[in-house]
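Here is the file input-v4.cif (mmCIF, C-alpha atoms).
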```
data_coords
#
loop_
_atom_site.label_atom_id
_atom_site.label_comp_id
_atom_site.auth_asym_id
_atom_site.auth_seq_id
_atom_site.Cartn_x
_atom_site.Cartn_y
_atom_site.Cartn_z
CA MET A 1 4.06 2.16 32.66
CA ALA A 2 5.99 4.39 30.27
CA THR A 3 4.21 7.24 28.51
CA PRO A 4 3.51 6.32 24.88
CA LEU A 5 4.62 8.48 21.98
CA THR A 6 1.37 9.94 20.72
CA LEU A 7 0.09 11.59 17.56
CA HIS A 8 -3.47 12.87 17.65
CA ILE A 9 -5.19 14.38 14.63
CA ASP A 10 -8.65 15.85 15.26
CA LEU A 11 -9.78 15.95 11.65
CA ALA A 12 -7.74 13.37 9.79
CA THR A 13 -8.00 13.11 6.01
CA LEU A 14 -6.06 11.14 3.40
CA SER A 15 -3.63 14.04 3.14
CA ASP A 16 -2.53 13.27 6.73
CA LEU A 17 -1.30 9.77 5.83
CA GLY A 18 2.23 11.00 5.17
CA ARG A 19 2.35 12.66 8.59
CA MET A 20 1.17 9.45 10.25
CA ARG A 21 3.76 7.34 8.40
CA ALA A 22 6.54 9.77 9.36
CA PHE A 23 5.48 9.68 13.02
CA VAL A 24 5.51 5.86 13.06
CA LEU A 25 8.83 5.56 11.21
CA GLU A 26 10.61 8.02 13.48
CA GLY A 27 8.88 6.90 16.68
CA ALA A 28 9.42 3.19 16.13
CA GLN A 29 13.13 3.71 15.49
CA ALA A 30 13.43 6.03 18.50
CA LEU A 31 11.99 3.21 20.62
CA GLY A 32 14.56 0.74 19.29
CA ALA A 33 12.97 -0.84 16.22
CA ASP A 34 15.29 -1.75 13.38
CA ARG A 35 14.52 -0.31 9.94
CA ILE A 36 12.81 -3.47 8.67
CA ALA A 37 10.44 -3.59 11.64
CA ALA A 38 9.80 0.17 11.46
CA ASP A 39 9.02 -0.02 7.73
CA ASP A 40 6.56 -2.85 8.38
CA LEU A 41 4.75 -0.75 10.99
CA VAL A 42 4.61 2.09 8.49
CA ILE A 43 2.87 -0.20 6.00
CA ALA A 44 0.46 -1.35 8.72
CA ILE A 45 -0.47 2.17 9.85
CA ASP A 46 -0.93 3.38 6.28
CA GLU A 47 -3.32 0.55 5.43
CA ALA A 48 -5.26 0.77 8.69
CA ALA A 49 -5.59 4.55 8.63
CA THR A 50 -6.57 4.50 4.96
CA ASN A 51 -9.37 2.06 5.80
CA ILE A 52 -10.57 4.25 8.68
CA ILE A 53 -10.64 7.43 6.61
CA LYS A 54 -12.02 5.96 3.36
CA TYR A 55 -14.46 3.39 4.70
CA GLY A 56 -14.95 4.19 8.39
CA TYR A 57 -15.40 7.94 8.09
CA ARG A 58 -16.44 7.63 4.41
CA GLY A 59 -14.15 10.43 3.36
CA SER A 60 -15.25 12.93 6.01
CA PRO A 61 -12.55 14.15 8.40
CA GLY A 62 -12.48 12.36 11.76
CA PRO A 63 -10.26 11.85 14.79
CA VAL A 64 -7.32 9.45 14.69
CA THR A 65 -4.86 8.78 17.50
CA ILE A 66 -1.67 6.73 17.17
CA GLN A 67 0.31 5.60 20.21
CA LEU A 68 3.67 3.82 20.24
CA LEU A 69 4.99 1.98 23.25
CA GLU A 70 7.88 -0.45 23.71
CA GLU A 71 7.76 -3.26 26.24
CA ASP A 72 10.12 -6.21 26.58
CA GLY A 73 11.45 -5.99 23.04
CA THR A 74 8.07 -5.61 21.41
CA LEU A 75 6.51 -2.46 19.98
CA ALA A 76 2.82 -1.89 20.47
CA MET A 77 1.29 0.48 17.94
CA ARG A 78 -2.21 1.46 19.01
CA LEU A 79 -4.67 3.10 16.64
CA LEU A 80 -7.84 4.72 17.99
CA ASP A 81 -10.74 6.12 15.99
CA ASP A 82 -14.42 7.02 16.29
CA ALA A 83 -15.57 5.22 13.15
CA PRO A 84 -18.20 2.45 13.16
CA THR A 85 -16.85 -0.74 14.68
CA PHE A 86 -14.80 -2.79 12.25
CA ASP A 87 -12.71 -5.69 13.46
CA PRO A 88 -10.15 -6.76 10.85
CA THR A 89 -9.16 -9.74 12.99
CA THR A 90 -12.58 -11.35 12.45
CA HIS A 91 -12.22 -10.80 8.73
CA ARG A 92 -8.83 -12.41 8.94
CA LEU A 93 -10.48 -15.54 10.30
CA LYS A 94 -12.53 -15.78 7.15
CA VAL A 95 -9.51 -15.45 4.91
CA ASP A 96 -7.83 -18.65 3.80
CA MET A 97 -4.26 -17.58 3.16
CA ASP A 98 -3.69 -20.73 1.09
CA LEU A 99 -6.10 -19.38 -1.50
CA ASP A 100 -4.93 -17.07 -4.22
CA ILE A 101 -5.70 -13.47 -3.35
CA GLY A 102 -8.47 -13.29 -5.95
CA GLU A 103 -10.29 -16.25 -4.40
CA ARG A 104 -10.34 -14.88 -0.87
CA PRO A 105 -13.83 -13.97 0.19
CA PHE A 106 -12.99 -11.04 2.42
CA GLY A 107 -10.64 -8.17 2.69
CA GLY A 108 -8.58 -6.30 0.22
CA MET A 109 -4.89 -6.06 -0.25
CA GLY A 110 -4.83 -3.57 2.63
CA ILE A 111 -5.97 -6.05 5.27
CA HIS A 112 -3.65 -8.65 3.80
CA LEU A 113 -0.73 -6.23 4.11
CA MET A 114 -1.72 -5.25 7.67
CA PHE A 115 -1.49 -8.86 8.80
CA GLU A 116 1.69 -9.52 6.84
CA SER A 117 3.36 -6.48 8.39
CA ALA A 118 2.63 -7.16 12.07
CA ASP A 119 3.32 -10.13 14.35
CA ARG A 120 -0.09 -9.88 16.01
CA LEU A 121 -3.21 -7.68 15.94
CA VAL A 122 -5.72 -7.11 18.71
CA HIS A 123 -8.99 -5.24 18.18
CA THR A 124 -11.24 -3.89 20.91
CA GLY A 125 -14.54 -2.17 20.28
CA ARG A 126 -15.29 1.07 22.07
CA GLY A 127 -18.98 0.61 22.87
CA GLY A 128 -20.71 0.60 19.52
CA THR A 129 -18.74 3.30 17.79
CA GLY A 130 -15.00 3.51 17.67
CA ASN A 131 -12.11 1.11 17.34
CA ASP A 132 -9.01 0.36 19.37
CA LEU A 133 -6.61 -1.64 17.20
CA THR A 134 -3.13 -2.58 18.41
CA PHE A 135 -0.36 -3.97 16.21
CA PHE A 136 2.43 -5.84 17.98
CA LYS A 137 5.83 -6.07 16.32
CA ALA A 138 9.19 -7.33 17.57
CA LEU A 139 11.82 -4.62 17.57
CA THR A 140 14.15 -6.58 15.33
CA HIS A 141 13.47 -8.49 12.14
CA GLU A 142 15.11 -11.64 13.55
CA ARG A 143 12.79 -11.70 16.57
CA SER A 144 9.83 -10.93 14.32
CA ILE A 145 10.51 -14.05 12.25
CA GLN A 146 10.57 -16.13 15.42
CA ALA A 147 7.29 -14.61 16.69
CA MET B 1 3.14 13.41 -6.06
CA ASN B 2 5.03 14.90 -8.99
CA LEU B 3 4.59 13.30 -12.42
CA THR B 4 6.80 13.87 -15.45
CA VAL B 5 6.70 12.25 -18.88
CA ASP B 6 9.45 11.28 -21.29
CA GLN B 7 9.27 9.50 -24.62
CA ALA B 8 11.74 6.78 -25.63
CA GLN B 9 12.15 4.32 -28.44
CA GLY B 10 12.56 0.57 -28.10
CA LYS B 11 11.43 -1.63 -30.97
CA ALA B 12 8.25 0.40 -30.48
CA PRO B 13 7.62 3.85 -29.00
CA VAL B 14 7.63 3.86 -25.21
CA THR B 15 6.26 6.43 -22.76
CA ILE B 16 8.05 6.79 -19.44
CA LEU B 17 5.94 8.15 -16.57
CA ARG B 18 8.20 9.19 -13.73
CA LEU B 19 6.69 9.32 -10.23
CA THR B 20 8.25 11.36 -7.45
CA GLY B 21 6.74 11.16 -3.97
CA ASP B 22 4.61 8.77 -1.95
CA LEU B 23 2.07 6.64 -3.82
CA ASP B 24 -0.79 6.25 -1.37
CA ALA B 25 -4.55 6.70 -1.07
CA ALA B 26 -4.14 10.46 -1.38
CA THR B 27 -2.20 10.36 -4.66
CA TYR B 28 -2.91 7.17 -6.59
CA GLU B 29 -5.71 8.62 -8.70
CA GLN B 30 -3.33 11.24 -10.11
CA VAL B 31 -1.25 8.43 -11.62
CA ILE B 32 -4.28 6.74 -13.19
CA ASP B 33 -5.59 10.03 -14.57
CA LYS B 34 -2.21 10.87 -16.11
CA ALA B 35 -1.84 7.40 -17.63
CA ARG B 36 -5.33 7.62 -19.08
CA GLU B 37 -4.44 10.99 -20.62
CA LEU B 38 -1.30 9.48 -22.19
CA TYR B 39 -3.18 6.42 -23.49
CA ASP B 40 -5.88 8.61 -25.00
CA ALA B 41 -3.14 10.64 -26.70
CA GLY B 42 -1.82 7.49 -28.38
CA SER B 43 0.75 5.97 -26.01
CA ARG B 44 0.64 2.17 -26.07
CA ASN B 45 3.71 1.03 -24.11
CA MET B 46 4.40 2.32 -20.62
CA VAL B 47 7.34 2.33 -18.25
CA LEU B 48 6.31 3.42 -14.76
CA ASP B 49 9.43 4.77 -13.10
CA LEU B 50 9.07 4.13 -9.35
CA ARG B 51 12.70 4.83 -8.44
CA ALA B 52 11.76 8.06 -6.64
CA VAL B 53 8.76 6.64 -4.76
CA PRO B 54 9.71 6.39 -1.07
CA TYR B 55 6.43 4.77 -0.02
CA MET B 56 3.77 2.70 -1.74
CA GLY B 57 0.73 1.07 -0.13
CA SER B 58 -2.14 -0.97 -1.46
CA SER B 59 -3.65 2.09 -3.12
CA GLY B 60 -0.47 2.28 -5.16
CA LEU B 61 -1.01 -1.31 -6.24
CA VAL B 62 -4.45 -0.33 -7.47
CA ALA B 63 -2.86 2.45 -9.53
CA LEU B 64 -0.18 0.20 -11.05
CA HIS B 65 -2.75 -2.45 -11.90
CA ALA B 66 -5.15 0.10 -13.39
CA VAL B 67 -2.41 1.57 -15.57
CA ALA B 68 -1.36 -1.89 -16.75
CA LEU B 69 -4.98 -2.80 -17.59
CA LEU B 70 -5.43 0.48 -19.39
CA PHE B 71 -2.41 -0.19 -21.59
CA GLU B 72 -3.74 -3.68 -22.35
CA GLY B 73 -6.84 -1.95 -23.68
CA GLU B 74 -8.98 -3.46 -20.92
CA THR B 75 -11.77 -1.92 -18.88
CA LEU B 76 -10.77 -0.59 -15.48
CA PRO B 77 -12.49 -1.85 -12.31
CA ASP B 78 -14.68 0.62 -10.45
CA LEU B 79 -12.13 2.43 -8.32
CA GLU B 80 -14.84 3.86 -6.08
CA SER B 81 -16.29 0.50 -5.09
CA GLY B 82 -13.97 -0.22 -2.19
CA TRP B 83 -12.39 -3.63 -2.33
CA GLU B 84 -13.49 -4.39 -5.88
CA ALA B 85 -10.37 -2.74 -7.28
CA HIS B 86 -8.25 -4.88 -4.93
CA HIS B 87 -10.10 -8.05 -5.84
CA ALA B 88 -9.57 -7.22 -9.51
CA ILE B 89 -5.82 -7.37 -8.86
CA GLY B 90 -6.29 -10.78 -7.28
CA ARG B 91 -8.23 -12.03 -10.25
CA SER B 92 -5.49 -10.84 -12.59
CA ILE B 93 -2.83 -12.58 -10.51
CA GLN B 94 -4.93 -15.72 -10.44
CA SER B 95 -5.40 -15.67 -14.21
CA GLY B 96 -1.63 -15.73 -14.66
CA LYS B 97 -1.96 -13.50 -17.70
CA ALA B 98 1.01 -11.18 -17.97
CA LEU B 99 0.30 -7.52 -18.58
CA LYS B 100 2.71 -6.98 -21.46
CA HIS B 101 2.42 -3.31 -22.22
CA THR B 102 3.68 -2.00 -18.88
CA ARG B 103 7.02 -2.32 -17.12
CA LEU B 104 7.82 -1.17 -13.59
CA LEU B 105 11.19 0.45 -13.12
CA ILE B 106 12.51 -0.05 -9.60
CA VAL B 107 15.96 -0.29 -8.08
CA ASP B 108 17.36 -2.07 -5.04
CA ASP B 109 17.25 1.06 -2.93
CA SER B 110 13.71 1.96 -3.97
CA GLY B 111 11.56 2.65 -0.96
CA ALA B 112 11.51 -0.57 1.05
CA SER B 113 7.74 -0.60 0.95
CA VAL B 114 7.69 -0.63 -2.85
CA ARG B 115 9.49 -3.97 -3.16
CA ARG B 116 7.85 -5.37 -0.03
CA VAL B 117 4.31 -4.52 -1.10
CA LEU B 118 4.87 -5.80 -4.64
CA SER B 119 6.23 -9.13 -3.45
CA ARG B 120 3.77 -9.65 -0.57
CA THR B 121 0.83 -9.28 -2.91
CA GLY B 122 2.28 -11.01 -5.95
CA LEU B 123 1.81 -8.06 -8.29
CA ASP B 124 5.43 -8.37 -9.36
CA ARG B 125 4.46 -11.71 -10.93
CA LEU B 126 1.93 -9.90 -13.08
CA ILE B 127 3.73 -6.76 -14.21
CA PRO B 128 7.37 -7.23 -15.23
CA THR B 129 9.91 -5.23 -13.24
CA GLU B 130 13.26 -3.91 -14.41
CA SER B 131 16.07 -2.19 -12.58
CA ASP B 132 17.61 -0.56 -15.64
CA GLU B 133 15.82 2.06 -17.71
CA ALA B 134 17.43 1.07 -21.01
CA ALA B 135 16.42 -2.55 -20.44
CA ALA B 136 12.87 -1.50 -19.59
CA VAL B 137 12.60 0.48 -22.82
CA ALA B 138 14.27 -2.25 -24.90
CA ALA B 139 11.72 -4.75 -23.62
CA PHE B 140 9.12 -3.24 -25.95
#
```

Rewrite the structure from the file as structure tokens, please.
Amino acid sequence: MATPLTLHIDLATLSDLGRMRAFVLEGAQALGADRIAADDLVIAIDEAATNIIKYGYRGSPGPVTIQLLEEDGTLAMRLLDDAPTFDPTTHRLKVDMDLDIGERPFGGMGIHLMFESADRLVHTGRGGTGNDLTFFKALTHERSIQA
Amino acid sequence: MNLTVDQAQGKAPVTILRLTGDLDAATYEQVIDKARELYDAGSRNMVLDLRAVPYMGSSGLVALHAVALLFEGETLPDLESGWEAHHAIGRSIQSGKALKHTRLLIVDDSGASVRRVLSRTGLDRLIPTESDEAAAVAAF
């Protein structure tokens, strides 16, 4: 197993979002992602990290770790935090994408954009507190469309 | 986020608010505050120049929507109430009512996220976009 590219911030605040986006943009491209795929992962990390800091940590600084790993043409972007458990994939199940955005019962634009920007999301709880969320994205836009 | 203001003249006076830098959860309130200041000072038509915005996320959408509502003379959603501000965007999109007193100025090489986020959420159906500053001003 290759060692993932890792960014850990002990006391993350909204002012760290730019640093996280830069890490993902550069890291994803270094691991072989094309610009379209890398930009999508940037959108995904921005929305997910914003949710953690604003709603998970309620504005107080808290730890955030981002890991990037490539395997068989797919990038896995893992996001770890210590915030109360929140599984966006269960909220996704309650969202009818055929409805207009204003009619959807759950989630904001951020969750919508997270799902639109990744091929697949997997959430794992970390024993009551903490989240382990992984975004999977094909390295190239063409493969992403097929996914 | 750096904000600068210019005045222009179409058929009516137009204020151009130029944004430089990322429009995210850390900066979006600056844009709303500045737009509110301009509206309170008498501005009634707004061009938001996004050509120098490398990144915009959903918080940026909240800012654009809030500015457009402000210039329609409407009440802003509670920006502190989490998803309510996002749902307010959805309700506006659903209503199909164009927000006529704001134009977004973007260009093809604007930050990829700007175009992508606008189109994936449908906000570009609500607030007219232009790629040419003169055309944006002349639209008022």

Please write as a ChimeraX atom specification the full residue list that the PyMOL selection byres ((chain A and resi 64) around 7) yields on this file.
/A:8-10,12,62-63,65-66,80-81

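For the residues A:Asp82, A:Asp132, A:Asp34, A:Glu116, ranking by smallest atom-to-atom distance to chain B using only C-alpha atoms places A:Glu116 first.
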
Students should find that atom CA of B:His65 and atom CA of B:Leu123 are spaced 8.1 Å

Residues selected by the PyMOL selection byres ((chain B and resi 112-114) around 6), written as a list in words =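 So the PyMOL selection byres ((chain B and resi 112-114) around 6), applied here, picks out Tyr55, Met56, Gly111, Arg115, Arg116 and Val117 of chain B.
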
Report as an mmCIF file with C-alpha atoms, in the coordinates of the input the full result of the PyMOL selection byres ((chain B and resi 28) around 10) when it is applied to this structure.
```
data_model
loop_
_atom_site.group_PDB
_atom_site.id
_atom_site.type_symbol
_atom_site.label_atom_id
_atom_site.label_comp_id
_atom_site.auth_asym_id
_atom_site.auth_seq_id
_atom_site.Cartn_x
_atom_site.Cartn_y
_atom_site.Cartn_z
ATOM 1 C CA MET B 1 3.140 13.410 -6.060
ATOM 2 C CA ASP B 22 4.610 8.770 -1.950
ATOM 3 C CA LEU B 23 2.070 6.640 -3.820
ATOM 4 C CA ASP B 24 -0.790 6.250 -1.370
ATOM 5 C CA ALA B 25 -4.550 6.700 -1.070
ATOM 6 C CA ALA B 26 -4.140 10.460 -1.380
ATOM 7 C CA THR B 27 -2.200 10.360 -4.660
ATOM 8 C CA GLU B 29 -5.710 8.620 -8.700
ATOM 9 C CA GLN B 30 -3.330 11.240 -10.110
ATOM 10 C CA VAL B 31 -1.250 8.430 -11.620
ATOM 11 C CA ILE B 32 -4.280 6.740 -13.190
ATOM 12 C CA ASP B 33 -5.590 10.030 -14.570
ATOM 13 C CA MET B 56 3.770 2.700 -1.740
ATOM 14 C CA GLY B 57 0.730 1.070 -0.130
ATOM 15 C CA SER B 58 -2.140 -0.970 -1.460
ATOM 16 C CA SER B 59 -3.650 2.090 -3.120
ATOM 17 C CA GLY B 60 -0.470 2.280 -5.160
ATOM 18 C CA LEU B 61 -1.010 -1.310 -6.240
ATOM 19 C CA VAL B 62 -4.450 -0.330 -7.470
ATOM 20 C CA ALA B 63 -2.860 2.450 -9.530
ATOM 21 C CA LEU B 64 -0.180 0.200 -11.050
#
```

* To do: Pick out the closest residue to chain A from this set: B:Ala134, B:Asp40, B:Gly21, B:Ile127. Count all atoms listed in the file.
  =>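 Smallest separation from chain A among the options: B:Gly21.
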
re atom CA of B:Glu74 and atom CA of B:Gly10: distance 23.1 Å

Would you compute the distance between atom CA of B:Thr4 and atom CA of B:Arg18? Give it in Å to one decimal.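 Separation of atom CA of B:Thr4 and atom CA of B:Arg18: 5.2 Å.
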
Where atoms are lacking, stretch 27-39 of chain A completed to N, CA and C atoms, as an mmCIF file, in the frame of the given file:
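See part.cif below for the written result:
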```cif
data_model
loop_
_atom_site.group_PDB
_atom_site.id
_atom_site.type_symbol
_atom_site.label_atom_id
_atom_site.label_comp_id
_atom_site.auth_asym_id
_atom_site.auth_seq_id
_atom_site.Cartn_x
_atom_site.Cartn_y
_atom_site.Cartn_z
ATOM 1 N N GLY A 27 9.163 7.348 15.314
ATOM 2 C CA GLY A 27 8.880 6.900 16.680
ATOM 3 C C GLY A 27 9.321 5.472 16.915
ATOM 4 N N ALA A 28 9.047 4.596 15.967
ATOM 5 C CA ALA A 28 9.420 3.190 16.130
ATOM 6 C C ALA A 28 10.935 3.048 16.253
ATOM 7 N N GLN A 29 11.662 3.787 15.417
ATOM 8 C CA GLN A 29 13.130 3.710 15.490
ATOM 9 C C GLN A 29 13.654 4.332 16.774
ATOM 10 N N ALA A 30 13.024 5.401 17.234
ATOM 11 C CA ALA A 30 13.430 6.030 18.500
ATOM 12 C C ALA A 30 13.238 5.065 19.670
ATOM 13 N N LEU A 31 12.245 4.172 19.545
ATOM 14 C CA LEU A 31 11.990 3.210 20.620
ATOM 15 C C LEU A 31 12.784 1.924 20.447
ATOM 16 N N GLY A 32 13.642 1.871 19.418
ATOM 17 C CA GLY A 32 14.560 0.740 19.290
ATOM 18 C C GLY A 32 14.278 -0.216 18.152
ATOM 19 N N ALA A 33 13.267 0.063 17.336
ATOM 20 C CA ALA A 33 12.970 -0.840 16.220
ATOM 21 C C ALA A 33 14.046 -0.718 15.147
ATOM 22 N N ASP A 34 14.379 -1.857 14.520
ATOM 23 C CA ASP A 34 15.290 -1.750 13.380
ATOM 24 C C ASP A 34 14.485 -1.261 12.171
ATOM 25 N N ARG A 35 15.190 -0.948 11.075
ATOM 26 C CA ARG A 35 14.520 -0.310 9.940
ATOM 27 C C ARG A 35 13.478 -1.233 9.309
ATOM 28 N N ILE A 36 13.771 -2.540 9.285
ATOM 29 C CA ILE A 36 12.810 -3.470 8.670
ATOM 30 C C ILE A 36 11.515 -3.488 9.473
ATOM 31 N N ALA A 37 11.633 -3.574 10.795
ATOM 32 C CA ALA A 37 10.440 -3.590 11.640
ATOM 33 C C ALA A 37 9.691 -2.259 11.546
ATOM 34 N N ALA A 38 10.446 -1.153 11.537
ATOM 35 C CA ALA A 38 9.800 0.170 11.460
ATOM 36 C C ALA A 38 9.063 0.328 10.129
ATOM 37 N N ASP A 39 9.684 -0.119 9.041
ATOM 38 C CA ASP A 39 9.020 -0.020 7.730
ATOM 39 C C ASP A 39 7.742 -0.854 7.698
#
```
